[in-house]
Structures are given as C-alpha cells and as structure tokens.
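Enquirer: Provided herewith is a single structure, encoded as structure tokens, for subsequent inquiry.
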Number of protein chains: 2
Amino acid sequence: MTVPAPARPGDPIDAVDTPALLLDLDAFERNLGGVHAYARAHGVAVRSHGKAHKCSEIARRQVAAGAVGVCCQKVGEAEVFVEGGVRDVLVSNVVVGASKARRLAALAARARVAVCVDSAIQVEQLAAAARAAGARLDVLIEVDVGARRCGVTSPDEALALAARVAAEAPWLSLRGLQAYHGGAQHKRTPEERAHAIARAASLASQVRTALVAAGHPCAVVTGAGTGSYRHEIASGVWNELQPGSYVLMDADYALNTPDPDVPALAHALTVLCTVITVRPDHAVLDGGLKTFAVDSGKPRMLLSGWRTGSISDEHTVIEPDEGAAALAPGNKVALVPGHCDPTVNLHDWIVATRAGRVEAVWAVDARGALF
Amino acid sequence: MTVPAPARPGDPIDAVDTPALLLDLDAFERNLGGVHAYARAHGVAVRSHGKAHKCSEIARRQVAAGAVGVCCQKVGEAEVFVEGGVRDVLVSNVVVGASKARRLAALAARARVAVCVDSAIQVEQLAAAARAAGARLDVLIEVDVGARRCGVTSPDEALALAARVAAEAPWLSLRGLQAYHGGAQHKRTPEERAHAIARAASLASQVRTALVAAGHPCAVVTGAGTGSYRHEIASGVWNELQPGSYVLMDADYALNTPDPDVPALAHALTVLCTVITVRPDHAVLDGGLKTFAVDSGKPRMLLSGWRTGSISDEHTVIEPDEGAAALAPGNKVALVPGHCDPTVNLHDWIVATRAGRVEAVWAVDARGALF
C-alpha cells in the first residue's frame, strides 16, 4: 500500500491534510549549516544520523552540506540510503544474522559500507558473507562508553576482536571505534554532559591506544550526538560526529540547557493536527499515539494558552489556560513532538514548508526498515 | 518504498528475519470464534475494530466469522478496508474537513459507509459532500459516555444534531449512537468495569429514548471493547459491539481480571527479536521503540527468567533472574507487546504462523493511514 501524500507543492500550510509532519525549511537549513560549520571549524567530520529522519532527501542534503556520509541503525535503512544516492553508509549498530550480513556484503558493491561488531559471531558472519560476495566491508568495534547496552567494555576485549577482524583480511577491514553515549545526550546541564563524555572519552582513548600499540588500524573514532557533540570534540578523541536530531529538534532536546558556544537549534519539525471537537473545558485533535511517539513525553502545543492533556490512539485532548484563544472544529494547530526519531517513524511523508507554503513533499523512505 | 517481508510461507519460525510481528493462528482463531459465539448467543452484532490490526486479511476473516462489518478510526483506513473487500465500514470517530468528507462520499458508492458526528460543522460538510457525489452516508451521533474526549454530553445536544441530520435527508441518514467508553476497557476488576459501563449505559439510554420520542431513528447503539463488552451486552442498551484487541491480545489487557463468563483470550500477537549482544548482566535485542509501542508499558519477555529492562529507539535490554536460561547472539526470542494497536502500526507485515511454521504473510495495509 502507498499512503497518499497529505499535501502538494504550492499548497498553503492550512490546506495540508492532517495529521501531517511539517518541516520548516528555514529552521532546518539554519540547524544544518550551524552544526556543520561548528564541526568544520573544529576539524572533525560529520556523519549525519539517518535514523532520526529516515528520509533520503534529507540525507542527500546533509551530504551536500559537507557530511562525509550518513549512519543508520538498520541494514534496511542503509539499503534505502544507498538506493537514494548516498555513497558512504555506516550501520552504527551491531548486526547478527547471516541474511543481514549477506545484504551488507551485497550493498558494499554499490557504496562504501561499514558496520559495528562486539562479538566473534558477527565477525564470522560478516567475513563469510563478504568472502562469498567478493566484497569488502569496513568494521568498527563498538565500545560501550556509557549506554550499558551493546559494545565491548575493555581494551582486552577490543584487542581480541581486532585480531579476529585482522584474520579476515582482505574481506574485513578495521576502520576504528564506534563510541556513542546515548544517555549523555539528554543530561540537562553542560556540566553533566561534560562529566559523562569525559568518562566515555577515557575508555575510548584507552581502547584506541591499545589497538594502535598492537599494530591494528584505528583511523576513526565515531560517535556523539546532538546533545553532547561539543564535548566529544573537546576531548580530542573523536574525529567523526553522528548527530541526528540536530536538523529536526524535539521537545525533549529543548529541555537541555545548551552549551554556551554551540549553534542554537530551532524546532524545525512539527506535527500539524486538526481540531475535531471543542467543549467548554477541552478540545480534541485528530492525532494520537499513532501520530506522536510519547516515550520522551507528550507533544507540546505551539499555540499559546493550550496544554496537551491525555493522549490515546487517535486523539489528543488539549486543555486551555485562562485567556486561551478560542478554537473551533476545523482549526489547524502545530505541536512539537516529544521525541523526533520515533515520531518521524510513524509518518510516510515530510511536508517541507517555507514562508507559509508547501515547498516540497519528501518520502520517509526508510520508515519501517526494521531489519 | 515497499518494505520487504520478513518471511515466506513454509519457513520455520526461526528463519523469520527480525524484528517481526508474529500471529499465532490457532490462538487467533480461538479468540475470534470465542467472542463471536458469545455475542451471537446474546443476540448482539459484532462490528470488529480494524484500528487494532489495520490488516484487510484479518478484517475479511472477521466478516467470514460473522462480523456485520468493521469499524475504524480514519477515512484512510476505511478506504483500505473497502478496497480489501469489506462491504460495510463505520468510521467510529468524528471527522472534520471537506476533503475527508468528499472521500467518504466517494467511498459510499462502493460500500455501506457510516461516520460519527458531534457538531454541526461535521453534518454540514458530510451533507455537502454526499449531495455533490449523489451518495448517501449513514451518520451516528457520538455520545461521550466516559472517555471525556469527543461526543455530545446530553440528550438535548443529541436532539439538536439529529434535527440537523434529518434536514439533510436523503443524503444523510441517522443510524443511531456511537457510545464507546475507552477508559472502561482497562479497569482491572469486573466490578469496576460493570460500574463504568452502568454509567455509560444510563446516558446512552437517555439519549436513545429522547431521539426515539422525538421521532428520530436510532436503530443501532454501537460501542464496547475487548475489556468491557460483557457489560454492554448485559445492559441491554447496545446491540452492536466493537472489539478490536480480542483477536490479538496484549500485555496490558492481560492485567485485567477477566469477567467470569466470557471466553478466555490468548496472546496471539508477539514480536520476534534477535539477541545481538550478550553480557554477564544483560542481553540486548534488535527491536526498540520503533518495534514496540510503550505507551501502556514495556513488552513482556515470554522466555522464562528474563525481564525487559531499558528500551531505546532500536534496542531493548533484557535482564536475567537467577537461573535464567543462557542466551547467545543470534538466538530469537518472542515478546508480548504492551499495547497491540500502536505496536501493529509500526509494522508492515504480520507473519501468520501455525505449529512452528509460517503459514502466510499478511500486509498491514492500513498502516500509516493517518488521515
């Protein structure tokens, strides 16, 4: 099934059918240019994270704005981005399974492809697939620098894995380390983020030193996100950043006190909804849990005087403060989602707008690429 | 983009690529047959709710098992179900907007179509669209029987709306009342659910009596869900039930103490994930917030001895209790989602299984039908 687009280029925003994802292109371009300029000024590369937007049009714009490529979390996302013209893709996640390894090896015939590992079976499966396809895959050892999720936890573990990768030359080639501290992104103060990334940097640096001392290559240490990238840069350990939300921004990131010297980020992504019911003490919008992800809090109303109340599958109740503007059924209102990544993943289209009109409608073409 | 299917008919379950939605056909058929038989024995119709599964193959099976049709929440879902062969569809939600009204009127040329209203503008828009298309739409007045969301709240409001609908004959025709108490579904004890539905029944009955006394038709009072339907039947007010989750079941519904005389429901829907990382104190699965909705709690591991820990966009950490079975990367495990409706909405395919093998792969063809 192809879900129809909610708007056409040239439409005024008020004609967009709802619920729909809107992207303010002016804000998007400022966010994009600001972060890329900051990274360039500090001599580090940007590899934009495609898991945030799942949209190859945005990925192409990130590469055009200087990104060395994109990263993503799923083999299926990598396939969509390569199909969409991106020539350098990193799956910034460990991947297990012979069929996924075969798909990565097939993709390596069309683009520069890298993937993470944290255990021997992944190395075996990737090597077998690359050998069978006559392809070469780059590999990064994932280091658990604070997420307490995937990744090796010591230099010794990394050395053992690096030896296994080296034994699979030329099919596998060690590019370096994946070192991402997800939890640090949402710590609210610059001091908390600095502290978290200092600990991450210490382990990443130890692992890199151990690899290099043992004669292994470690050209790239990649990681960092929209909330913390200033601290990864300052550590001197990372030479590649993986911000994703920076081009979109969401309500959760807006709760961070920003670092004083990084470019300010504006909410470029909103969700447009229609008021369907108005009652004395509340109104109801036509989007709910299938329109907004709520794992990091409810969406925030942009219309002053109205708060988000209860949210169910297809409805969001909004409640007025004193003096709130009157609403009527048919009015359209915009909300900032709590968490942009899983919210975008609910939509098939991004309606790109400028100065009150629809400029383009982009497919969220990697939406649903779960495996 | 078409997301590829994670399995083929005939595959063993262990060959399904992950993450993937699995449907146990034996459990699905028992759930389906049990609830339909109970409703039939009590003389009420079943109009299965398609918002739970968004899959026209399941909708067709529900009609084949005796449902009078399906209901859904979105015009786009109604279009998919009619395209899929369902001949009687109710949008059990109020709809605002001229373009949505036009689409409903167009659909009425191909199927019996009904929609809810709770304000005058909806009646105007539906009537204008039906008149322009030369179509007839059935209308139900939504009554707020406890959700505190959409719907009229008094017999007088309903009478005023019914008069507006009557004035739009023959383009609009009043079928009756939509009276659904969502909050009652998840009250944990039969007594709490009985109390909530008794209050709902009182208002629905008053509204119906007022309409009939004023000479308006009110052939159908429709509503009820998987958690409460026994109480709507017992009230004698409803003559049509709208259960959705009954065929799938989720972890949240399983926390209800069931009513003693209704058929037991089994978990037919699970999500299959692969273990990608194993550490001494945890393991990590390849599905997260884009695989499971977490609005009603985290997914529950079926493998004994393992608990669901933190969940992020593409990872779920699971933690062992003492004596838990050992896991290795590549092992596949099944989880019951917290809330089935928004979880299904994250997937493009339902892998229907029986006796350990894939019997069919069904498209979630109304997924993403947001408007």
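Here's how to read the names in the structure tokens: chain A, B, ... by the order shown, residue numbers from 1 in each chain, ligand numbers from 1 in the order shown.
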Please, which residues of chain A lie no more than 6 Å from chain B when the count uses only C-alpha atoms, and can they be set out as a PyMOL selection string?

Expert: chain A and resi 1+18+96+150+276-277+290+330+342+365+371

Enquirer: Just the residues within 6 Å of B:His339, please, counting only C-alpha atoms, with nothing from its chain fewer than 2 positions along; format it as a list in words.

Expert: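 Returned residues: Asp250, Ser296, Pro337 and Asp341 of chain B.
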
Enquirer: Give the strand (DSSP E or B) residues of stretch 129-371 of chain A, as DSSP finds them on the backbone, and put them as a PyMOL selection string.

Expert: chain A and resi 137-143+152+172-178+220-223+240-241+269-279+282-285+300-301+306-311+316-320+332-336+349-354+357-363

Enquirer: Using only C-alpha atoms, can you tell me which of A:Ala101, A:Ala39, A:Val63, A:Leu22 comes closest to A:Trp238?

Expert: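 Once distances to A:Trp238 are computed over only C-alpha atoms, the minimum belongs to A:Ala39.
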
Enquirer: Using only C-alpha atoms, pick whichever of A:Ser92, A:Gly33, A:Thr308, A:Glu319 has the shortest atom-to-atom distance to A:Pro280.

Expert: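 Counting only C-alpha atoms, the residue closest to A:Pro280 is A:Glu319.
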
Enquirer: Select, from A:Gln206, A:Ala106, A:Ser154, A:Asn256, the residue with the minimum atom-to-atom distance to A:Glu192, counting only C-alpha atoms.

Expert: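 For A:Glu192, the nearest of the candidates is A:Asn256.
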
Enquirer: Between A:Ser304, A:Arg8, A:Ile141, A:Thr270, which one has atoms that come closest to A:Gly323, using only C-alpha atoms?

Expert: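 When distances to A:Gly323 are compared using only C-alpha atoms, the smallest one comes from A:Ser304.
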
Enquirer: With DSSP run on the backbone, what are the helix (DSSP H, G or I) residues within stretch 176-344 of chain B? I'd like them as number ranges by chain.

Expert: B: 182-186, 190-213, 229-235, 245-247, 253-255, 340-344

Enquirer: Any idea what the distance is between atom CA of A:Gly69 and atom CA of A:Asp138?

Expert: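 Between atom CA of A:Gly69 and atom CA of A:Asp138 the gap works out to 14.0 Å.
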
Enquirer: Nearest to A:Arg110 among A:Gly85, A:Pro12, A:Pro217, A:Gly244, with distances taken over only C-alpha atoms: which residue is it?

Expert: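 Smallest separation from A:Arg110 among the options: A:Gly85.
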
Enquirer: Do a neighbour search on A:Asp26 at 12 Å with only C-alpha atoms, toss out local chain neighbours closer than 4 positions, and write the hits as a ChimeraX atom specification.

Expert: /A:30-33,247-248,265-269,352-356,359

Enquirer: Separation of atom CA of A:Gly34 and atom CA of A:Ala179, in Å?

Expert: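 Between atom CA of A:Gly34 and atom CA of A:Ala179 the gap works out to 23.4 Å.
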
Enquirer: Measuring atom to atom with only C-alpha atoms, identify which of A:Gly297, A:Gly223, A:Pro320, A:Pro190 is nearest to A:Asp259.

Expert: A:Pro190

Enquirer: In Å, how far is it from atom CA of B:Val358 to atom CA of B:Arg87?

Expert: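 Distance reported for this atom pair: 29.0 Å.
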